[in-house]
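This is start.cif. It holds mmCIF, C-alpha atoms and all ligand atoms.
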```
data_work
loop_
_atom_site.label_atom_id
_atom_site.label_comp_id
_atom_site.auth_asym_id
_atom_site.auth_seq_id
_atom_site.Cartn_x
_atom_site.Cartn_y
_atom_site.Cartn_z
CA MET A 10 -4.24 -6.89 7.79
CA ILE A 11 -5.97 -4.67 10.36
CA GLU A 12 -4.05 -2.35 12.64
CA LEU A 13 -5.05 0.04 15.41
CA LYS A 14 -2.32 2.61 16.08
CA ASN A 15 -2.43 4.64 19.31
CA VAL A 16 -6.22 4.72 19.35
CA CYS A 17 -8.08 6.65 22.06
CA LEU A 18 -11.84 6.79 22.44
CA SER A 19 -14.18 8.28 25.01
CA PHE A 20 -17.96 8.21 25.31
CA GLY A 21 -18.92 11.40 27.13
CA ASP A 22 -16.44 11.80 29.96
CA LYS A 23 -15.75 8.06 30.13
CA GLN A 24 -12.48 7.06 28.47
CA ILE A 25 -12.94 3.57 27.01
CA LEU A 26 -9.70 3.08 25.04
CA LYS A 27 -6.44 4.65 26.20
CA ASN A 28 -3.82 4.66 23.47
CA ILE A 29 -4.49 1.16 22.13
CA SER A 30 -2.24 -0.40 19.47
CA LEU A 31 -2.83 -3.85 18.03
CA LYS A 32 -2.43 -5.78 14.78
CA VAL A 33 -4.38 -8.59 13.19
CA GLN A 34 -2.35 -10.39 10.52
CA ASP A 35 -3.92 -12.16 7.54
CA ASN A 36 -4.48 -15.88 7.89
CA THR A 37 -4.27 -15.68 11.69
CA ILE A 38 -6.94 -16.08 14.35
CA LYS A 39 -6.58 -13.30 16.87
CA ALA A 40 -8.68 -13.13 20.02
CA ILE A 41 -9.45 -9.95 21.93
CA LEU A 42 -10.21 -11.02 25.47
CA GLY A 43 -11.62 -8.77 28.16
CA PRO A 44 -14.35 -8.35 30.76
CA SER A 45 -17.86 -7.11 30.01
CA GLY A 46 -18.09 -3.43 29.10
CA VAL A 47 -14.33 -3.01 28.53
CA GLY A 48 -14.72 -1.95 24.88
CA LYS A 49 -14.42 -5.17 22.84
CA SER A 50 -17.40 -4.56 20.54
CA THR A 51 -16.24 -0.95 20.23
CA ILE A 52 -12.92 -2.20 18.79
CA LEU A 53 -14.80 -4.21 16.13
CA LYS A 54 -16.83 -1.09 15.23
CA LEU A 55 -13.57 0.87 14.87
CA MET A 56 -12.16 -1.84 12.58
CA LEU A 57 -15.24 -1.59 10.35
CA GLY A 58 -15.12 2.21 10.33
CA LEU A 59 -18.55 2.38 12.00
CA ILE A 60 -17.14 4.73 14.61
CA LYS A 61 -14.08 7.00 14.51
CA PRO A 62 -11.36 7.20 17.16
CA ASP A 63 -10.73 10.48 19.03
CA CYS A 64 -7.04 10.07 18.29
CA GLY A 65 -4.83 7.54 16.49
CA LYS A 66 -5.47 5.59 13.30
CA VAL A 67 -7.18 2.46 12.03
CA LEU A 68 -5.42 0.85 9.06
CA VAL A 69 -6.84 -1.88 6.83
CA ASP A 70 -4.28 -3.40 4.45
CA ASP A 71 -2.05 -0.39 5.18
CA THR A 72 -4.77 2.09 4.17
CA ASP A 73 -5.84 4.62 6.80
CA ILE A 74 -9.63 4.33 7.08
CA THR A 75 -9.95 6.91 9.87
CA SER A 76 -11.05 9.78 7.69
CA MET A 77 -12.69 7.80 4.88
CA LYS A 78 -16.14 8.65 3.58
CA GLU A 79 -19.01 6.13 3.77
CA ILE A 80 -18.71 5.23 0.08
CA GLU A 81 -14.99 4.39 0.40
CA LEU A 82 -15.66 2.44 3.59
CA TYR A 83 -18.13 0.26 1.71
CA GLU A 84 -15.26 -1.28 -0.30
CA ILE A 85 -13.18 -1.77 2.87
CA ARG A 86 -16.07 -3.47 4.67
CA ARG A 87 -16.45 -5.97 1.83
CA LYS A 88 -13.05 -7.38 2.81
CA MET A 89 -14.43 -8.13 6.27
CA GLY A 90 -17.33 -10.38 7.24
CA MET A 91 -19.05 -9.60 10.53
CA VAL A 92 -20.81 -12.11 12.78
CA PHE A 93 -22.84 -10.24 15.39
CA GLN A 94 -23.34 -11.46 18.93
CA GLY A 95 -27.09 -11.86 18.41
CA ASN A 96 -26.57 -13.12 14.82
CA ALA A 97 -28.81 -10.39 13.31
CA LEU A 98 -30.75 -12.88 11.16
CA PHE A 99 -34.04 -11.87 9.52
CA ASP A 100 -36.74 -13.73 11.48
CA SER A 101 -39.25 -13.83 8.64
CA LEU A 102 -36.83 -15.15 6.00
CA THR A 103 -35.84 -18.78 5.57
CA ILE A 104 -32.25 -19.92 6.08
CA SER A 105 -31.56 -19.85 2.31
CA GLN A 106 -33.15 -16.42 1.98
CA ASN A 107 -31.10 -15.12 4.92
CA LEU A 108 -27.90 -16.41 3.32
CA GLY A 109 -28.69 -14.95 -0.09
CA PHE A 110 -30.22 -11.66 1.07
CA PHE A 111 -27.22 -9.35 0.72
CA LEU A 112 -26.05 -10.99 -2.50
CA ARG A 113 -29.39 -10.07 -4.05
CA GLU A 114 -29.84 -6.68 -2.37
CA ASN A 115 -26.28 -5.30 -2.33
CA LEU A 116 -24.41 -7.10 -5.10
CA ASN A 117 -27.30 -7.73 -7.47
CA LEU A 118 -25.78 -11.07 -8.40
CA PRO A 119 -27.59 -13.19 -11.00
CA GLU A 120 -29.88 -15.81 -9.45
CA PRO A 121 -27.83 -18.89 -10.51
CA GLU A 122 -24.75 -17.47 -8.74
CA VAL A 123 -26.79 -16.67 -5.62
CA THR A 124 -28.08 -20.26 -5.59
CA GLN A 125 -24.58 -21.64 -6.02
CA ARG A 126 -23.06 -19.52 -3.23
CA VAL A 127 -25.97 -20.24 -0.88
CA GLY A 128 -25.53 -23.98 -1.57
CA GLU A 129 -21.81 -23.77 -0.72
CA GLN A 130 -22.54 -22.14 2.64
CA ILE A 131 -25.34 -24.59 3.45
CA ARG A 132 -22.84 -27.44 2.99
CA PHE A 133 -19.99 -25.69 4.82
CA ALA A 134 -22.20 -24.90 7.81
CA GLY A 135 -23.80 -28.38 7.84
CA LEU A 136 -27.30 -26.99 7.31
CA GLU A 137 -28.54 -29.44 4.66
CA GLY A 138 -32.26 -30.07 5.16
CA TYR A 139 -32.81 -26.72 6.90
CA GLU A 140 -32.78 -24.53 3.78
CA ASP A 141 -36.50 -23.68 3.99
CA LYS A 142 -36.81 -23.40 7.76
CA LEU A 143 -37.14 -20.12 9.65
CA PRO A 144 -34.36 -19.12 12.10
CA GLU A 145 -36.69 -19.57 15.12
CA SER A 146 -36.93 -23.33 14.45
CA LEU A 147 -33.13 -23.77 14.68
CA SER A 148 -30.93 -24.28 17.74
CA GLY A 149 -28.64 -21.47 18.92
CA GLY A 150 -25.60 -23.22 17.44
CA MET A 151 -27.28 -23.64 14.05
CA ARG A 152 -28.36 -19.99 13.98
CA LYS A 153 -24.76 -19.03 14.67
CA ARG A 154 -23.68 -21.22 11.73
CA VAL A 155 -26.19 -19.41 9.48
CA ALA A 156 -24.73 -16.06 10.61
CA ILE A 157 -21.21 -17.31 9.82
CA GLY A 158 -22.37 -18.55 6.39
CA ARG A 159 -23.96 -15.18 5.68
CA ALA A 160 -20.69 -13.39 6.53
CA LEU A 161 -18.64 -15.78 4.39
CA ILE A 162 -20.87 -15.54 1.35
CA PHE A 163 -19.17 -12.28 0.31
CA LYS A 164 -15.83 -14.12 0.24
CA PRO A 165 -14.13 -11.78 2.76
CA HIS A 166 -10.41 -11.88 3.65
CA MET A 167 -11.06 -11.46 7.34
CA ILE A 168 -14.03 -12.31 9.51
CA LEU A 169 -14.91 -10.55 12.76
CA PHE A 170 -16.79 -12.43 15.48
CA ASP A 171 -18.44 -10.67 18.40
CA GLU A 172 -18.74 -13.21 21.26
CA PRO A 173 -19.23 -16.22 18.94
CA THR A 174 -20.05 -18.67 21.75
CA ALA A 175 -22.17 -16.41 23.99
CA GLY A 176 -25.31 -18.22 25.08
CA LEU A 177 -24.32 -21.56 23.52
CA ASP A 178 -24.00 -24.87 25.36
CA PRO A 179 -20.47 -26.37 25.59
CA VAL A 180 -20.95 -28.81 22.68
CA SER A 181 -22.32 -26.13 20.31
CA SER A 182 -19.55 -23.77 21.42
CA LYS A 183 -16.90 -26.33 20.48
CA LYS A 184 -18.54 -26.88 17.08
CA ILE A 185 -18.51 -23.15 16.36
CA LEU A 186 -14.86 -22.81 17.43
CA SER A 187 -13.91 -25.79 15.20
CA LEU A 188 -15.74 -24.19 12.30
CA ILE A 189 -13.76 -20.97 12.89
CA SER A 190 -10.47 -22.93 12.92
CA GLU A 191 -11.50 -24.67 9.67
CA LEU A 192 -11.95 -21.31 7.99
CA ARG A 193 -8.30 -20.55 8.31
CA HIS A 194 -7.11 -23.99 7.23
CA ASN A 195 -9.46 -24.41 4.26
CA ASN A 196 -10.15 -20.85 3.14
CA ASN A 197 -6.99 -19.00 4.23
CA LEU A 198 -9.13 -16.56 6.17
CA GLY A 199 -8.02 -14.41 9.07
CA ALA A 200 -10.33 -13.87 12.01
CA VAL A 201 -10.81 -11.62 15.01
CA ILE A 202 -12.70 -13.20 17.90
CA VAL A 203 -13.91 -10.87 20.60
CA THR A 204 -14.75 -12.80 23.74
CA HIS A 205 -14.89 -12.78 27.53
CA ILE A 206 -14.50 -16.59 27.67
CA ILE A 207 -10.94 -17.77 28.05
CA ASP A 208 -11.70 -21.28 26.74
CA ASP A 209 -12.65 -19.72 23.38
CA VAL A 210 -9.12 -18.33 23.20
CA PHE A 211 -7.41 -21.63 23.98
CA HIS A 212 -9.64 -23.55 21.56
CA SER A 213 -9.22 -21.37 18.53
CA ALA A 214 -6.86 -18.40 18.70
CA ASP A 215 -3.24 -18.29 17.49
CA CYS A 216 -2.65 -15.08 19.40
CA VAL A 217 -4.53 -12.95 21.89
CA ALA A 218 -4.70 -9.37 23.06
CA VAL A 219 -6.11 -8.83 26.56
CA LEU A 220 -7.98 -5.58 27.10
CA TYR A 221 -8.30 -4.38 30.69
CA GLN A 222 -9.27 -0.95 32.01
CA GLY A 223 -8.80 0.66 28.60
CA GLU A 224 -5.36 -0.79 27.93
CA ILE A 225 -3.84 -3.81 26.22
CA ILE A 226 -2.11 -5.67 29.04
CA PHE A 227 -1.00 -8.66 26.93
CA ASP A 228 -0.50 -9.18 23.18
CA ASP A 229 1.30 -12.33 22.09
CA VAL A 230 0.83 -15.94 21.00
CA THR A 231 -1.84 -17.75 23.03
CA GLU A 232 0.53 -20.22 24.73
CA LYS A 233 2.45 -17.37 26.37
CA LEU A 234 -0.66 -16.31 28.29
CA HIS A 235 0.30 -18.92 30.91
CA ASP A 236 3.62 -17.09 31.50
CA SER A 237 1.98 -13.73 32.23
CA GLN A 238 2.36 -12.47 35.78
CA HIS A 239 -0.29 -9.76 35.41
CA PRO A 240 -2.72 -10.17 38.35
CA PHE A 241 -5.79 -9.85 36.11
CA ILE A 242 -4.52 -12.54 33.74
CA ARG A 243 -3.56 -14.81 36.65
CA SER A 244 -7.09 -14.41 38.02
CA ILE A 245 -8.81 -15.24 34.71
CA LEU A 246 -6.60 -18.28 34.22
CA SER A 247 -7.74 -19.64 37.56
CA ASP A 248 -11.42 -18.65 37.27
CA LYS A 249 -11.76 -19.45 33.54
CA ILE A 250 -14.74 -17.14 32.87
CA LEU A 251 -14.48 -13.38 33.19
CA GLU A 252 -17.29 -11.78 35.10
CA LEU A 253 -17.01 -8.30 36.49
N1 LIG B 1 -22.53 4.56 21.47
C1 LIG B 1 -22.19 4.59 22.77
N2 LIG B 1 -22.46 5.67 23.53
C2 LIG B 1 -22.11 5.73 24.84
N3 LIG B 1 -21.48 4.72 25.48
C3 LIG B 1 -21.20 3.61 24.77
C4 LIG B 1 -21.54 3.48 23.38
N4 LIG B 1 -21.13 2.26 22.95
C5 LIG B 1 -20.55 1.66 24.02
N5 LIG B 1 -20.60 2.46 25.11
C6 LIG B 1 -20.03 2.14 26.43
O1 LIG B 1 -18.66 1.84 26.22
C7 LIG B 1 -18.25 0.75 27.01
C8 LIG B 1 -17.70 -0.35 26.12
O2 LIG B 1 -18.75 -0.91 25.37
P1 LIG B 1 -18.58 -2.22 24.49
O3 LIG B 1 -19.93 -2.59 24.01
O4 LIG B 1 -17.52 -2.02 23.49
O5 LIG B 1 -18.05 -3.26 25.59
P2 LIG B 1 -17.84 -4.83 25.44
O6 LIG B 1 -16.48 -5.11 25.94
O7 LIG B 1 -18.18 -5.28 24.07
O8 LIG B 1 -18.89 -5.39 26.50
P3 LIG B 1 -19.78 -6.73 26.49
O9 LIG B 1 -18.87 -7.82 26.98
O10 LIG B 1 -20.86 -6.42 27.48
O11 LIG B 1 -20.29 -6.97 25.09
C9 LIG B 1 -19.45 0.36 27.83
O12 LIG B 1 -19.35 0.98 29.07
C10 LIG B 1 -20.62 0.91 27.06
O13 LIG B 1 -21.69 1.21 27.91
MG MG B 2 -19.64 -6.49 23.32
#
```
Could you show the structure in this file as structure tokens?
Ligand SMILES: Nc1ncnc2c1ncn2[C@@H]1O[C@H](COP(=O)(O)OP(=O)(O)OP(=O)(O)O)[C@@H](O)[C@H]1O
Ligand SMILES: [Mg+2]
Amino acid sequence: MIELKNVCLSFGDKQILKNISLKVQDNTIKAILGPSGVGKSTILKLMLGLIKPDCGKVLVDDTDITSMKEIELYEIRRKMGMVFQGNALFDSLTISQNLGFFLRENLNLPEPEVTQRVGEQIRFAGLEGYEDKLPESLSGGMRKRVAIGRALIFKPHMILFDEPTAGLDPVSSKKILSLISELRHNNNLGAVIVTHIIDDVFHSADCVAVLYQGEIIFDDVTEKLHDSQHPFIRSILSDKILEL
């Protein structure tokens, strides 16, 4: 479980987060929806302990990570897989090498186990036949599936997605969102999906927090979004895509 408790954060004299509290339960898909530049990626960085809040706390499985040292954070981060907006794949490595990279470099796993785990992710992500290709020869949707496989290969409890459908066509977007839903049903994983696309929320999230002008203006199950009378939420429900 991940929890932000009364978190504030400023960059210079610009206050990005004003006393934010939110929880992500295990085995739940939680979306964080908000316009560009509102602080969504910043929230993911706080959850991973990559940046510290100015006030408030970040808890992971009830442990306060706010003042942890890098070495302690390493253990915490292994509970969480991260899928970056731009995927962060290594261009010069094949798909199999990309998937196995951190198992070899960080965990020093024996080669037969690396091969087995890479094989599992190739099958899960539907990448059979692409094992020896370079990322550049894959479609955007396939590259996203490689990035998801690489996050899952550590067997995390929770997976964090930064704009998982950004730049993808509607069909690839749906495939990625279905894959995310499958994770919870088949692997009991929780997920955080940061997005500015409201359709992502309706397709995959059990619950959603809406971040607007530094504050959480809605935090409940997804279906209740339709009942909100907040003018910003009314406007995104009618326009579908947030652009500010
Ligand atoms: N390290 C930093 N130093 C200074 N300002 C920053 C830093 N990181 C983010 N910001 C600013 O904080 C605000 C929130 O950034 P963030 O990347 O979290 O937004 P976002 O909601 O993820 O936006 P997008 O939809 O464009 O990805 C932006 O105005 C950004 O310019
Ligand atoms: Mg972002």
Contacts between ligand MG 2 (chain B) and chain A, please, where a residue of chain A counts if it comes within 7 Å (with all atoms listed in the file); show its shortest atom pair and distance in Å to one decimal, rows by chain and ascending number, as a tab-separated table.
```
residue	atom	partner	partner_atom	distance
A:Ser45	CA	B:MG2	MG	7.0
A:Gly46	CA	B:MG2	MG	6.7
A:Gly48	CA	B:MG2	MG	6.9
A:Lys49	CA	B:MG2	MG	5.4
A:Ser50	CA	B:MG2	MG	4.1
A:Asp171	CA	B:MG2	MG	6.6
```
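Between atom CA of Ile85 of chain A and atom CA of Ala134 of chain A the interatomic distance comes to 25.3 Å.
Counting all atoms listed in the file, Asn107 of chain A has the following residues at most 10 Å away, ignoring those fewer than 2 positions along the same chain: Ala97, Leu98, Phe99, Asp100, Ser101, Leu102, Thr103, Ile104, Ser105, Gly109, Phe110, Phe111, Leu112, Val127, Glu140, Leu143, Pro144, Val155, Ala156, Gly158 and Arg159 of chain A.
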Output C-alpha atoms for every residue in the selection just made, as an mmCIF file, keeping the file's coordinate frame.
```
data_model
loop_
_atom_site.group_PDB
_atom_site.id
_atom_site.type_symbol
_atom_site.label_atom_id
_atom_site.label_comp_id
_atom_site.auth_asym_id
_atom_site.auth_seq_id
_atom_site.Cartn_x
_atom_site.Cartn_y
_atom_site.Cartn_z
ATOM 1 C CA ALA A 97 -28.810 -10.390 13.310
ATOM 2 C CA LEU A 98 -30.750 -12.880 11.160
ATOM 3 C CA PHE A 99 -34.040 -11.870 9.520
ATOM 4 C CA ASP A 100 -36.740 -13.730 11.480
ATOM 5 C CA SER A 101 -39.250 -13.830 8.640
ATOM 6 C CA LEU A 102 -36.830 -15.150 6.000
ATOM 7 C CA THR A 103 -35.840 -18.780 5.570
ATOM 8 C CA ILE A 104 -32.250 -19.920 6.080
ATOM 9 C CA SER A 105 -31.560 -19.850 2.310
ATOM 10 C CA GLY A 109 -28.690 -14.950 -0.090
ATOM 11 C CA PHE A 110 -30.220 -11.660 1.070
ATOM 12 C CA PHE A 111 -27.220 -9.350 0.720
ATOM 13 C CA LEU A 112 -26.050 -10.990 -2.500
ATOM 14 C CA VAL A 127 -25.970 -20.240 -0.880
ATOM 15 C CA GLU A 140 -32.780 -24.530 3.780
ATOM 16 C CA LEU A 143 -37.140 -20.120 9.650
ATOM 17 C CA PRO A 144 -34.360 -19.120 12.100
ATOM 18 C CA VAL A 155 -26.190 -19.410 9.480
ATOM 19 C CA ALA A 156 -24.730 -16.060 10.610
ATOM 20 C CA GLY A 158 -22.370 -18.550 6.390
ATOM 21 C CA ARG A 159 -23.960 -15.180 5.680
#
```
*Compute the set of protein, DNA and RNA residues whose minimum atom distance to ligand LIG 1 (chain B) is at most 10 Å, using all atoms listed in the file, and state it as an MDAnalysis selection string.*
chainID A and resid 18:26 41:55 60 94 171:172 175 203:206 220:221 223 251:253
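Counting all atoms listed in the file and comparing A:Glu232, A:Asp35, A:Glu145, A:Glu81, the residue that lies closest to Val201 of chain A is A:Asp35.
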*Find the spatial neighbours of Phe211 of chain A, counting all atoms listed in the file, within a cut-off of 12 Å - ignore same-chain residues fewer than 2 positions away - and output them as a list in words.*
Ile38, Lys39, Ala40, Leu42, Lys183, Leu186, Ser187, Ser190, Ile202, Thr204, Ile206, Ile207, Asp208, Asp209, Ser213, Ala214, Asp215, Cys216, Val217, Val230, Thr231, Glu232, Lys233, Leu234, His235, Leu246 and Lys249 of chain A
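Distances here use only C-alpha atoms; by that measure, the residue among A:Ala160, A:Ala200, A:Leu108, A:Met77 closest to Ile11 of chain A is A:Ala200.
Remark: for Phe241 of chain A, the closest of the candidate residues A:Tyr83, A:Ile225, A:Thr75, A:Val16 is A:Ile225 (distances computed over only C-alpha atoms).
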*asked:* Between atom CA of Asn197 of chain A and atom CA of His166 of chain A, what distance in Å does the model show, to one decimal?
replied: 7.9 Å
*May I ask for the distance between atom CA of Met56 of chain A and atom CA of Pro165 of chain A, given in Å to one decimal place?*
14.1 Å
